[in-house]
file protein.txt (compact mmCIF, C-alpha atoms)
# COMPACT_ATOMS: atom_id res chain seq x y z
CA MET A 166 80.94 52.89 -81.94
CA ALA A 167 80.62 49.31 -80.66
CA GLU A 168 77.48 48.71 -82.74
CA LEU A 169 79.18 50.14 -85.83
CA GLU A 170 82.23 47.92 -85.34
CA ARG A 171 80.03 44.83 -85.01
CA LEU A 172 78.13 45.73 -88.17
CA LEU A 173 81.39 46.24 -90.05
CA ALA A 174 82.67 42.85 -88.79
CA VAL A 175 79.47 41.12 -89.90
CA GLU A 176 79.64 42.77 -93.31
CA GLN A 177 83.28 41.72 -93.70
CA GLU A 178 82.42 38.13 -92.74
CA LEU A 179 79.58 38.04 -95.27
CA THR A 180 81.90 39.34 -97.95
CA GLN A 181 84.45 36.63 -97.20
CA GLN A 182 81.78 33.93 -97.30
CA GLN A 183 80.49 35.21 -100.63
CA THR A 184 84.02 35.12 -102.02
CA THR A 185 84.52 31.57 -100.78
CA LEU A 186 81.20 30.50 -102.27
CA SER A 187 82.09 32.01 -105.61
CA THR A 188 85.42 30.21 -105.56
CA LEU A 189 83.71 26.90 -104.81
CA LYS A 190 81.21 27.40 -107.62
CA GLN A 191 84.02 28.13 -110.04
CA THR A 192 85.88 25.05 -108.83
CA MET A 193 82.86 22.84 -109.34
CA LYS A 194 82.36 24.27 -112.82
CA GLU A 195 85.96 23.46 -113.69
CA VAL A 196 85.54 19.93 -112.31
CA LEU A 197 82.42 19.37 -114.40
CA ASP A 198 84.15 20.74 -117.50
CA ALA A 199 87.12 18.44 -116.90
CA VAL A 200 84.87 15.41 -116.43
CA GLN A 201 82.93 16.22 -119.59
CA SER A 202 86.14 16.64 -121.54
CA LEU A 203 87.16 13.09 -120.58
CA ALA A 204 84.72 11.74 -123.15
CA SER A 205 86.17 13.84 -125.96
CA PRO A 206 88.17 11.68 -128.46
CA ALA A 207 90.78 14.39 -129.11
CA ALA A 208 92.62 16.79 -126.87
CA SER A 209 91.68 20.44 -126.97
CA GLN A 210 94.16 22.64 -128.89
CA ASN A 211 95.39 26.07 -127.81
CA THR A 212 96.30 28.20 -130.82
CA SER A 213 98.05 30.79 -128.66
CA GLY A 214 100.72 28.30 -127.64
CA ALA A 215 100.02 28.72 -123.91
CA PRO A 216 99.70 25.57 -121.83
CA SER A 217 96.12 24.49 -121.35
CA ALA A 218 94.38 21.85 -119.30
CA GLN A 219 94.64 18.53 -121.02
CA PRO A 220 91.56 16.31 -121.09
CA LEU A 221 91.85 13.12 -119.10
CA PRO A 222 91.22 9.94 -121.11
CA VAL A 223 88.76 7.48 -119.67
CA ALA A 224 88.45 3.89 -120.77
CA LYS A 225 85.18 2.94 -122.37
CA SER A 226 83.10 0.94 -119.99
CA SER A 227 82.53 -2.60 -121.07
CA SER A 228 78.97 -3.54 -121.78
CA SER A 229 79.58 -6.85 -120.02
CA THR A 230 80.32 -5.14 -116.70
CA ARG A 231 77.36 -5.77 -114.45
CA LEU A 232 78.76 -4.62 -111.13
CA LYS A 233 77.30 -1.36 -109.86
CA PRO A 234 79.06 -0.68 -106.58
CA ALA A 235 77.95 2.20 -104.39
CA THR A 236 79.90 5.39 -104.85
CA PRO A 237 81.56 7.07 -101.87
CA THR A 238 79.63 9.63 -99.89
CA GLU A 239 80.57 13.31 -100.07
CA PHE A 240 83.62 14.15 -98.00
CA ASP A 241 84.07 17.39 -96.06
CA GLY A 242 87.67 16.90 -94.92
CA SER A 243 87.03 15.64 -91.38
CA ARG A 244 89.94 13.55 -90.16
CA ASP A 245 87.69 11.07 -88.39
CA LYS A 246 85.99 10.31 -91.74
CA GLY A 247 89.07 10.38 -93.96
CA ARG A 248 90.02 6.72 -93.66
CA ALA A 249 86.46 5.56 -94.42
CA PHE A 250 86.26 7.77 -97.52
CA LEU A 251 89.62 6.56 -98.83
CA ASN A 252 88.61 2.94 -98.28
CA SER A 253 85.39 3.54 -100.21
CA CYS A 254 87.37 4.96 -103.13
CA ASP A 255 89.78 2.01 -103.13
CA LEU A 256 86.88 -0.43 -103.02
CA TYR A 257 85.07 1.17 -105.95
CA ILE A 258 88.21 1.37 -108.07
CA GLY A 259 89.03 -2.25 -107.27
CA LEU A 260 85.57 -3.46 -108.30
CA VAL A 261 85.31 -1.59 -111.61
CA PRO A 262 88.89 -0.86 -112.73
CA ASP A 263 87.87 -0.75 -116.41
CA GLN A 264 86.07 2.54 -115.80
CA PHE A 265 89.39 4.35 -115.25
CA ALA A 266 91.90 4.74 -118.05
CA ASN A 267 94.76 5.82 -115.79
CA ASP A 268 95.62 7.10 -112.32
CA GLU A 269 94.82 10.67 -113.30
CA ALA A 270 91.21 9.66 -114.00
CA LYS A 271 91.02 7.99 -110.58
CA ILE A 272 92.29 11.14 -108.88
CA TYR A 273 89.77 13.41 -110.63
CA TRP A 274 86.98 10.97 -109.84
CA ALA A 275 87.87 11.05 -106.13
CA LEU A 276 88.08 14.87 -106.18
CA SER A 277 84.50 15.04 -107.50
CA PHE A 278 83.25 13.84 -104.07
CA MET A 279 85.26 16.43 -102.12
CA LYS A 280 82.74 19.26 -102.12
CA ALA A 281 82.76 20.85 -98.67
CA GLY A 282 85.07 22.18 -95.98
CA ARG A 283 88.79 21.45 -96.15
CA ALA A 284 88.21 18.80 -98.80
CA ALA A 285 86.74 21.38 -101.20
CA LEU A 286 89.75 23.66 -100.71
CA PHE A 287 92.09 20.72 -101.39
CA ALA A 288 90.20 19.88 -104.59
CA ASP A 289 90.29 23.54 -105.65
CA ARG A 290 94.08 23.69 -105.28
CA THR A 291 94.51 20.48 -107.27
CA ILE A 292 92.32 21.69 -110.12
CA ARG A 293 94.06 25.07 -110.27
CA THR A 294 97.40 23.28 -110.53
CA HIS A 295 96.05 21.15 -113.37
CA SER A 296 94.80 24.27 -115.16
CA LYS A 297 98.19 25.95 -114.92
CA THR A 298 100.53 23.04 -115.62
CA GLY A 299 98.35 20.65 -117.59
CA SER A 300 98.64 17.82 -115.04
CA VAL A 301 97.67 17.05 -111.46
CA PRO A 302 100.38 17.41 -108.81
CA PHE A 303 100.43 13.66 -108.13
CA ALA A 304 102.56 11.15 -109.97
CA SER A 305 100.17 8.24 -109.35
CA TRP A 306 97.12 7.12 -107.41
CA GLY A 307 99.45 5.90 -104.67
CA ASP A 308 101.00 9.35 -104.42
CA PHE A 309 97.52 10.86 -104.14
CA ARG A 310 96.64 8.36 -101.38
CA ASP A 311 99.76 9.24 -99.39
CA THR A 312 98.99 12.95 -99.61
CA PHE A 313 95.36 12.30 -98.69
CA VAL A 314 96.39 10.34 -95.60
CA LYS A 315 98.60 13.17 -94.41
CA GLU A 316 95.91 15.79 -95.02
CA PHE A 317 92.70 14.05 -93.93
CA CYS A 318 93.47 10.98 -91.82
CA PRO A 319 94.20 11.05 -88.07
CA LYS A 320 97.73 12.18 -87.34
CA ASN A 321 100.32 9.79 -85.98
CA GLU A 322 98.17 6.72 -86.70
CA VAL A 323 101.16 4.42 -86.47
CA GLN A 324 102.40 5.78 -83.15
CA THR A 325 98.89 5.85 -81.66
CA ALA A 326 98.24 2.23 -82.63
CA ARG A 327 101.61 1.09 -81.25
CA MET A 328 101.07 2.88 -77.95
CA LYS A 329 97.66 1.20 -77.58
CA LEU A 330 99.21 -2.20 -78.25
CA GLU A 331 101.78 -1.52 -75.52
CA GLY A 332 99.01 -0.96 -72.97
CA THR A 333 96.01 -3.02 -71.88
CA ARG A 334 93.11 -1.10 -73.41
CA TYR A 335 92.97 -3.42 -76.39
CA HIS A 336 92.61 -6.59 -74.26
CA GLN A 337 89.65 -8.88 -74.84
CA GLY A 338 87.97 -8.43 -71.48
CA SER A 339 84.33 -9.55 -71.58
CA ARG A 340 84.10 -9.39 -75.38
CA SER A 341 83.97 -12.36 -77.69
CA VAL A 342 87.14 -13.50 -79.44
CA GLU A 343 85.68 -12.38 -82.77
CA ALA A 344 85.15 -8.80 -81.57
CA TYR A 345 88.61 -8.75 -79.96
CA LEU A 346 90.23 -10.11 -83.12
CA ASP A 347 88.62 -7.45 -85.32
CA GLU A 348 90.09 -4.64 -83.24
CA PHE A 349 93.46 -6.36 -82.87
CA ARG A 350 93.89 -6.83 -86.62
CA GLU A 351 93.05 -3.18 -87.22
CA LEU A 352 95.60 -2.06 -84.62
CA VAL A 353 98.32 -4.33 -86.02
CA ASP A 354 97.71 -3.03 -89.52
CA ARG A 355 97.86 0.61 -88.42
CA ALA A 356 100.93 -0.05 -86.29
CA GLU A 357 102.59 -1.63 -89.34
CA TYR A 358 103.70 -4.70 -87.40
CA VAL A 359 104.82 -7.41 -89.79
CA GLU A 360 107.02 -9.65 -87.63
CA GLY A 361 104.96 -12.73 -86.75
CA GLY A 362 106.48 -13.43 -83.35
CA ASN A 363 105.77 -9.94 -82.05
CA VAL A 364 102.18 -10.02 -83.35
CA VAL A 365 101.51 -13.40 -81.71
CA LEU A 366 102.96 -12.17 -78.42
CA LYS A 367 100.70 -9.11 -78.41
CA PHE A 368 97.70 -11.23 -79.36
CA ARG A 369 98.33 -13.71 -76.53
CA HIS A 370 98.74 -10.91 -73.98
CA GLY A 371 95.32 -9.50 -74.83
CA LEU A 372 93.52 -12.83 -75.22
CA SER A 373 91.34 -14.27 -72.47
CA ALA A 374 93.50 -16.20 -69.98
CA ASP A 375 91.38 -19.37 -70.22
CA ILE A 376 91.45 -19.50 -74.02
CA GLN A 377 95.14 -18.59 -74.17
CA ARG A 378 95.91 -21.41 -71.74
CA GLN A 379 93.87 -23.93 -73.72
CA ILE A 380 95.81 -23.17 -76.90
CA ALA A 381 99.22 -22.94 -75.23
CA ILE A 382 99.03 -26.39 -73.59
CA LEU A 383 97.84 -28.26 -76.67
CA THR A 384 99.92 -31.40 -77.19
CA THR A 385 98.97 -31.73 -80.85
CA GLY A 386 98.01 -29.07 -83.33
CA ARG A 387 99.45 -26.22 -81.28
CA PRO A 388 100.01 -23.14 -83.51
CA GLY A 389 103.55 -21.84 -83.86
CA ASP A 390 104.66 -18.81 -81.88
CA ASP A 391 105.30 -16.89 -85.10
CA ASP A 392 102.12 -17.94 -86.95
CA ALA A 393 99.58 -15.22 -86.20
CA GLU A 394 96.87 -16.57 -88.51
CA ALA A 395 97.06 -20.00 -86.87
CA TRP A 396 96.62 -18.39 -83.45
CA TYR A 397 93.63 -16.41 -84.73
CA ALA A 398 91.96 -19.57 -86.03
CA ALA A 399 92.70 -21.54 -82.83
CA ALA A 400 91.30 -18.77 -80.63
CA LEU A 401 88.10 -18.53 -82.68
CA SER A 402 87.66 -22.32 -82.53
CA ALA A 403 88.22 -22.40 -78.76
CA ASP A 404 85.71 -19.62 -78.21
CA GLU A 405 83.10 -21.38 -80.36
CA ASN A 406 83.62 -24.60 -78.38
CA ARG A 407 83.24 -22.70 -75.12
CA VAL A 408 79.95 -21.16 -76.21
CA ALA A 409 78.62 -24.54 -77.40
CA ASN A 410 79.62 -26.19 -74.12
CA GLU A 411 77.90 -23.50 -72.05
CA ALA A 412 74.72 -23.96 -74.10
CA PHE A 413 74.90 -27.73 -73.53
CA GLN A 414 75.39 -27.36 -69.78
CA SER A 415 72.53 -24.89 -69.45
CA SER A 416 70.19 -27.33 -71.22
CA GLN A 417 71.18 -30.11 -68.79
CA ARG A 418 70.48 -28.16 -65.64
CA VAL A 419 67.41 -29.50 -63.80
CA VAL A 420 65.28 -26.82 -62.30
CA LYS A 421 64.52 -27.91 -58.76
CA PRO A 422 61.00 -27.14 -57.51
CA PRO A 423 60.85 -24.77 -54.57
CA ALA A 424 61.04 -26.51 -51.21
CA PRO A 425 57.67 -26.65 -49.45
CA THR A 426 57.31 -24.47 -46.43
CA SER A 427 57.64 -26.45 -43.26
CA THR A 428 54.37 -26.63 -41.34
CA PRO A 429 53.87 -28.55 -38.12
CA LYS A 430 52.16 -31.86 -38.74
CA SER A 431 48.98 -32.43 -36.84
CA THR A 432 48.98 -35.37 -34.46
CA SER A 433 45.23 -35.31 -34.15
CA VAL A 434 43.14 -38.14 -35.53
CA PHE A 435 40.50 -35.64 -36.63
CA PRO A 436 41.27 -32.39 -38.48
CA MET A 437 40.87 -29.35 -36.30
CA PRO A 438 40.01 -26.18 -38.22
CA GLN A 439 40.72 -22.94 -36.48
CA ARG A 440 37.63 -21.47 -34.81
CA THR A 441 36.87 -18.30 -32.94
CA PHE A 442 34.87 -18.38 -29.77
CA PRO A 443 32.40 -15.72 -28.76
CA PHE A 444 33.53 -15.73 -25.14
CA ALA A 445 37.05 -14.40 -25.91
CA PRO A 446 38.33 -11.77 -28.39
CA SER A 447 40.51 -13.24 -31.18
CA SER A 448 43.29 -10.75 -30.57
CA SER A 449 43.83 -11.92 -27.01
CA VAL A 450 43.53 -15.64 -27.61
CA PRO A 451 46.56 -17.39 -29.19
CA LYS A 452 46.10 -19.97 -31.95
CA PRO A 453 45.51 -23.40 -30.42
CA ALA A 454 48.15 -26.01 -31.06
CA THR A 455 47.08 -29.25 -32.71
CA THR A 456 46.62 -32.06 -30.21
CA SER A 457 45.31 -35.59 -30.20
CA ALA A 458 41.65 -36.52 -29.92
CA ILE A 459 42.17 -37.88 -26.40
CA PRO A 460 40.65 -35.45 -23.86
CA ARG A 461 43.26 -33.49 -22.06
CA PRO A 462 43.31 -34.20 -18.31
CA PRO A 463 43.09 -31.22 -16.00
CA ALA A 464 46.35 -29.75 -14.90
CA PRO A 465 47.56 -31.24 -11.60
CA VAL A 466 47.49 -28.98 -8.60
CA PRO A 467 50.96 -28.56 -7.15
CA LYS A 468 51.51 -29.76 -3.63
CA ASP A 469 52.40 -26.34 -2.38
CA SER A 470 49.33 -24.70 -3.90
CA SER A 471 48.25 -23.43 -0.52
CA ALA A 472 51.49 -21.55 -0.15
CA MET A 473 51.11 -20.16 -3.64
CA GLU A 474 47.55 -19.05 -2.88
CA VAL A 475 48.72 -17.36 0.28
CA ASP A 476 51.41 -15.45 -1.68
CA ALA A 477 48.92 -14.56 -4.41
CA THR A 478 46.37 -13.46 -1.86
CA ARG A 479 48.94 -11.23 -0.22
CA ALA A 480 49.76 -9.77 -3.63
CA LYS A 481 46.04 -8.97 -4.15
CA GLY A 482 46.08 -6.73 -1.14
CA GLY A 483 45.13 -8.66 2.00
CA ALA A 484 44.87 -11.94 3.87
CA GLY A 485 41.80 -14.11 3.23
CA ASN A 486 41.10 -12.58 -0.17
CA CYS A 487 40.75 -14.70 -3.36
CA TYR A 488 43.84 -14.23 -5.49
CA ARG A 489 41.71 -14.56 -8.66
CA CYS A 490 38.96 -11.97 -8.05
CA GLY A 491 40.23 -10.34 -4.84
CA LYS A 492 37.01 -10.97 -2.90
CA THR A 493 36.77 -12.55 0.53
CA GLY A 494 34.99 -15.69 1.69
CA HIS A 495 36.49 -18.24 -0.67
CA MET A 496 39.73 -19.50 -2.15
CA ALA A 497 40.90 -19.26 -5.78
CA ARG A 498 40.07 -22.91 -6.55
CA ASP A 499 36.45 -22.32 -5.40
CA CYS A 500 36.13 -18.89 -7.03
CA PRO A 501 32.84 -18.49 -8.93
CA ASP A 502 34.76 -16.51 -11.61
CA ARG A 503 37.19 -19.32 -12.36
CA PHE A 504 35.26 -20.10 -15.61
CA ASP A 505 35.19 -16.44 -16.71
CA VAL A 506 37.81 -15.91 -19.43
CA ARG A 507 38.55 -12.44 -18.10
CA HIS A 508 39.93 -13.97 -14.92
CA MET A 509 41.69 -16.99 -16.48
CA THR A 510 45.40 -17.34 -16.79
CA LEU A 511 47.03 -18.01 -20.16
CA GLU A 512 47.47 -21.72 -19.40
CA GLU A 513 43.83 -22.02 -18.35
CA LEU A 514 42.70 -20.32 -21.57
CA GLU A 515 44.77 -22.72 -23.68
CA GLY A 516 43.39 -25.73 -21.84
CA ALA A 517 39.79 -24.52 -22.22
CA LEU A 518 40.25 -23.92 -25.96
CA GLU A 519 41.79 -27.35 -26.53
CA ASP A 520 39.03 -29.07 -24.54
CA ALA A 521 36.35 -27.25 -26.51
CA LEU A 522 37.95 -28.19 -29.86
CA VAL A 523 38.28 -31.84 -28.87
CA LYS A 524 34.68 -31.95 -27.73
CA LYS A 525 33.53 -30.40 -30.99
CA ASP A 526 35.50 -32.91 -33.09
CA VAL A 527 34.09 -35.82 -31.13
CA GLU A 528 30.57 -34.57 -31.67
CA GLU A 529 31.15 -34.24 -35.45
CA VAL A 530 32.50 -37.79 -35.64
CA GLU A 531 29.54 -39.18 -33.70
CA GLU A 532 27.15 -37.37 -36.02
CA LYS A 533 28.82 -38.91 -39.07
CA GLU A 534 28.66 -42.36 -37.52
CA ASP A 535 24.95 -41.92 -36.84
CA PHE A 536 24.35 -41.25 -40.54
call {"tool": "encode", "arguments": {"input": "protein.txt", "output": "structure tokens"}}
result
Amino acid sequence: MAELERLLAVEQELTQQQTTLSTLKQTMKEVLDAVQSLASPAASQNTSGAPSAQPLPVAKSSSSTRLKPATPTEFDGSRDKGRAFLNSCDLYIGLVPDQFANDEAKIYWALSFMKAGRAALFADRTIRTHSKTGSVPFASWGDFRDTFVKEFCPKNEVQTARMKLEGTRYHQGSRSVEAYLDEFRELVDRAEYVEGGNVVLKFRHGLSADIQRQIAILTTGRPGDDDAEAWYAAALSADENRVANEAFQSSQRVVKPPAPTSTPKSTSVFPMPQRTFPFAPSSSVPKPATTSAIPRPPAPVPKDSSAMEVDATRAKGGAGNCYRCGKTGHMARDCPDRFDVRHMTLEELEGALEDALVKKDVEEVEEKEDF
């Protein structure tokens, strides 16, 4: 039973769509017939005496008219597109008014672009009324516009625009004054604000604080608090000056070169390149510090070296042992391993490296002098 019910519902939907399509085709045929009858020099006569659709007169287009404005796009009745479609119609009519003999011709011309959705149903009702009564149900183009706005433009446009102007969403923010002004003018027009003082107040509230302050404290040429256009012009001028000044300042900035990395200056008379020595692994030997070419004197032996040797000897494991190698029969200063890097202290390694580098530099200088 469920499958049968679904099939019946689908069949009913298809039937309704076919009926709607037939109605639309008939409507379009009537529109085309009405448009074609506009060129007829005489009105059609009905011998039966019943009222019939009267042809709409259209003015002959002047051969000198060279403007060919774009016609509006097809309209499907969407409210978010209604205002744009109506503006396109007004623009076309304003550019070539000689193509329309009267307001009735304008209305039928606008209906010819309403071919889908709610717009098509609206056009169908209008044409049926014309067929029955002999005239469209609108007294003028203005009457048609008012009805169109109610049917196809966003609802409560005035209230919505006024509520936005009472908040902060319309404020300039990071936008340019030109972009802010475009939105503000649109909101003021939709809100139907005409009093200059109120418009200027709203404009100043939304304007950037810096630009608003610049205009407000002008000693000469300050726009009046009820002159909205003067405030618009002053704000645009201030914003242009700001942009030009920022461009000027950016061109005057000197790019400073990066500061050189600080490296210790060598006090040596001769350059000392870093070298590795075969008698010590590079990982265990620190980089030698730059020194002068004067040979480094040996480190002085502290006065209490004997006491230190005694303590070191005790730490090695017994009295009389060398604190360097741990063997008996000699002291650390006489140790045969004192020149072996494996038994040197860190200070001794540094001193040996520096002495070797100085000796090498001296030899290189003497060789150059010989040449």
call {"tool": "residues_near_point", "arguments": {"input": "protein.txt", "point": "(87.8, 2.1, -101.6)", "cutoff": "12 Å", "atoms": "only C-alpha atoms", "output": "PDB file with C-alpha atoms, in the frame of the given file"}}
result
ATOM      1  CA  PRO A 234      79.060  -0.680-106.580  1.00  0.00           C
ATOM      2  CA  ALA A 235      77.950   2.200-104.390  1.00  0.00           C
ATOM      3  CA  THR A 236      79.900   5.390-104.850  1.00  0.00           C
ATOM      4  CA  PRO A 237      81.560   7.070-101.870  1.00  0.00           C
ATOM      5  CA  THR A 238      79.630   9.630 -99.890  1.00  0.00           C
ATOM      6  CA  GLY A 247      89.070  10.380 -93.960  1.00  0.00           C
ATOM      7  CA  ARG A 248      90.020   6.720 -93.660  1.00  0.00           C
ATOM      8  CA  ALA A 249      86.460   5.560 -94.420  1.00  0.00           C
ATOM      9  CA  PHE A 250      86.260   7.770 -97.520  1.00  0.00           C
ATOM     10  CA  LEU A 251      89.620   6.560 -98.830  1.00  0.00           C
ATOM     11  CA  ASN A 252      88.610   2.940 -98.280  1.00  0.00           C
ATOM     12  CA  SER A 253      85.390   3.540-100.210  1.00  0.00           C
ATOM     13  CA  CYS A 254      87.370   4.960-103.130  1.00  0.00           C
ATOM     14  CA  ASP A 255      89.780   2.010-103.130  1.00  0.00           C
ATOM     15  CA  LEU A 256      86.880  -0.430-103.020  1.00  0.00           C
ATOM     16  CA  TYR A 257      85.070   1.170-105.950  1.00  0.00           C
ATOM     17  CA  ILE A 258      88.210   1.370-108.070  1.00  0.00           C
ATOM     18  CA  GLY A 259      89.030  -2.250-107.270  1.00  0.00           C
ATOM     19  CA  LEU A 260      85.570  -3.460-108.300  1.00  0.00           C
ATOM     20  CA  VAL A 261      85.310  -1.590-111.610  1.00  0.00           C
ATOM     21  CA  PRO A 262      88.890  -0.860-112.730  1.00  0.00           C
ATOM     22  CA  LYS A 271      91.020   7.990-110.580  1.00  0.00           C
ATOM     23  CA  ALA A 275      87.870  11.050-106.130  1.00  0.00           C
ATOM     24  CA  ARG A 310      96.640   8.360-101.380  1.00  0.00           C
TER      25      ARG A 310
END
call {"tool": "axis_aligned_box", "arguments": {"input": "protein.txt", "around": "segment 311-322 of chain A", "padding_each_side": "5 Å", "output": "lines of an AutoDock Vina configuration file"}}
result
center_x = 96.5
center_y = 11.3
center_z = -92.8
size_x = 17.6
size_y = 19.1
size_z = 23.6
call {"tool": "closest_residue", "arguments": {"input": "protein.txt", "among": "A:Ala288, A:Cys487, A:Arg355, A:Ala395", "to": "Thr325 of chain A", "atoms": "only C-alpha atoms"}}
result
A:Arg355
call {"tool": "closest_residue", "arguments": {"input": "protein.txt", "among": "A:Asp375, A:Asp391, A:Glu195, A:Asp520", "to": "Arg293 of chain A", "atoms": "all atoms listed in the file"}}
result
A:Glu195
call {"tool": "residues_around", "arguments": {"input": "protein.txt", "residues": "Ser341 of chain A", "least_positions_apart": "4", "cutoff": "8 Å", "atoms": "all atoms listed in the file", "output": "ChimeraX atom specification"}}
result
/A:337,345,404
call {"tool": "atom_distance", "arguments": {"input": "protein.txt", "atom1": "atom CA of Cys500 of chain A", "atom2": "atom CA of Leu514 of chain A"}}
result
16.0 Å
call {"tool": "closest_residue", "arguments": {"input": "protein.txt", "among": "A:Ala326, A:Glu343, A:Asp392, A:Gln177", "to": "Gly362 of chain A", "atoms": "all atoms listed in the file"}}
result
A:Asp392
call {"tool": "closest_residue", "arguments": {"input": "protein.txt", "among": "A:Ala199, A:Leu401, A:Leu366, A:Met328", "to": "Asp347 of chain A", "atoms": "only C-alpha atoms"}}
result
A:Leu401
call {"tool": "residues_around", "arguments": {"input": "protein.txt", "residues": "Gly338 of chain A", "least_positions_apart": "5", "cutoff": "10 Å", "atoms": "all atoms listed in the file", "output": "ChimeraX atom specification"}}
result
/A:333,345,371-374
call {"tool": "atom_distance", "arguments": {"input": "protein.txt", "atom1": "atom CA of Glu176 of chain A", "atom2": "atom CA of Ile292 of chain A"}}
result
29.8 Å
call {"tool": "closest_residue", "arguments": {"input": "protein.txt", "among": "A:Ser415, A:Gln182, A:Ser402, A:Asn410", "to": "Val342 of chain A", "atoms": "only C-alpha atoms"}}
result
A:Ser402
call {"tool": "closest_residue", "arguments": {"input": "protein.txt", "among": "A:Glu534, A:Asp390, A:Asp268, A:Glu529", "to": "Ala304 of chain A", "atoms": "all atoms listed in the file"}}
result
A:Asp268
call {"tool": "decode", "arguments": {"input": "protein.txt", "residues": "segment 361-393 of chain A", "atoms": "C-alpha atoms", "output": "PDB file, in the first residue's frame"}}
result
ATOM      1  CA  GLY A 361      20.089  66.706   7.290  1.00  0.00           C
ATOM      2  CA  GLY A 362      21.072  66.996  10.940  1.00  0.00           C
ATOM      3  CA  ASN A 363      20.113  63.415  11.731  1.00  0.00           C
ATOM      4  CA  VAL A 364      21.945  62.084   8.654  1.00  0.00           C
ATOM      5  CA  VAL A 365      25.130  63.993   9.534  1.00  0.00           C
ATOM      6  CA  LEU A 366      24.982  62.716  13.113  1.00  0.00           C
ATOM      7  CA  LYS A 367      24.700  59.105  11.962  1.00  0.00           C
ATOM      8  CA  PHE A 368      27.493  59.617   9.441  1.00  0.00           C
ATOM      9  CA  ARG A 369      29.840  61.086  12.065  1.00  0.00           C
ATOM     10  CA  HIS A 370      29.126  58.243  14.500  1.00  0.00           C
ATOM     11  CA  GLY A 371      30.175  55.648  11.928  1.00  0.00           C
ATOM     12  CA  LEU A 372      33.136  57.573  10.498  1.00  0.00           C
ATOM     13  CA  SER A 373      36.709  56.817  11.529  1.00  0.00           C
ATOM     14  CA  ALA A 374      37.562  58.700  14.742  1.00  0.00           C
ATOM     15  CA  ASP A 375      40.705  60.293  13.260  1.00  0.00           C
ATOM     16  CA  ILE A 376      38.959  61.584  10.137  1.00  0.00           C
ATOM     17  CA  GLN A 377      35.908  62.734  12.098  1.00  0.00           C
ATOM     18  CA  ARG A 378      38.178  64.665  14.453  1.00  0.00           C
ATOM     19  CA  GLN A 379      40.085  66.298  11.594  1.00  0.00           C
ATOM     20  CA  ILE A 380      36.858  67.612  10.056  1.00  0.00           C
ATOM     21  CA  ALA A 381      35.244  68.620  13.347  1.00  0.00           C
ATOM     22  CA  ILE A 382      38.143  70.834  14.494  1.00  0.00           C
ATOM     23  CA  LEU A 383      38.597  72.687  11.216  1.00  0.00           C
ATOM     24  CA  THR A 384      38.802  76.432  11.839  1.00  0.00           C
ATOM     25  CA  THR A 385      37.912  77.333   8.263  1.00  0.00           C
ATOM     26  CA  GLY A 386      35.838  75.450   5.757  1.00  0.00           C
ATOM     27  CA  ARG A 387      34.181  73.235   8.341  1.00  0.00           C
ATOM     28  CA  PRO A 388      30.966  71.696   6.900  1.00  0.00           C
ATOM     29  CA  GLY A 389      27.690  72.510   8.621  1.00  0.00           C
ATOM     30  CA  ASP A 390      26.116  70.010  10.978  1.00  0.00           C
ATOM     31  CA  ASP A 391      23.064  69.747   8.719  1.00  0.00           C
ATOM     32  CA  ASP A 392      24.928  69.573   5.383  1.00  0.00           C
ATOM     33  CA  ALA A 393      25.379  65.863   4.676  1.00  0.00           C
TER      34      ALA A 393
END
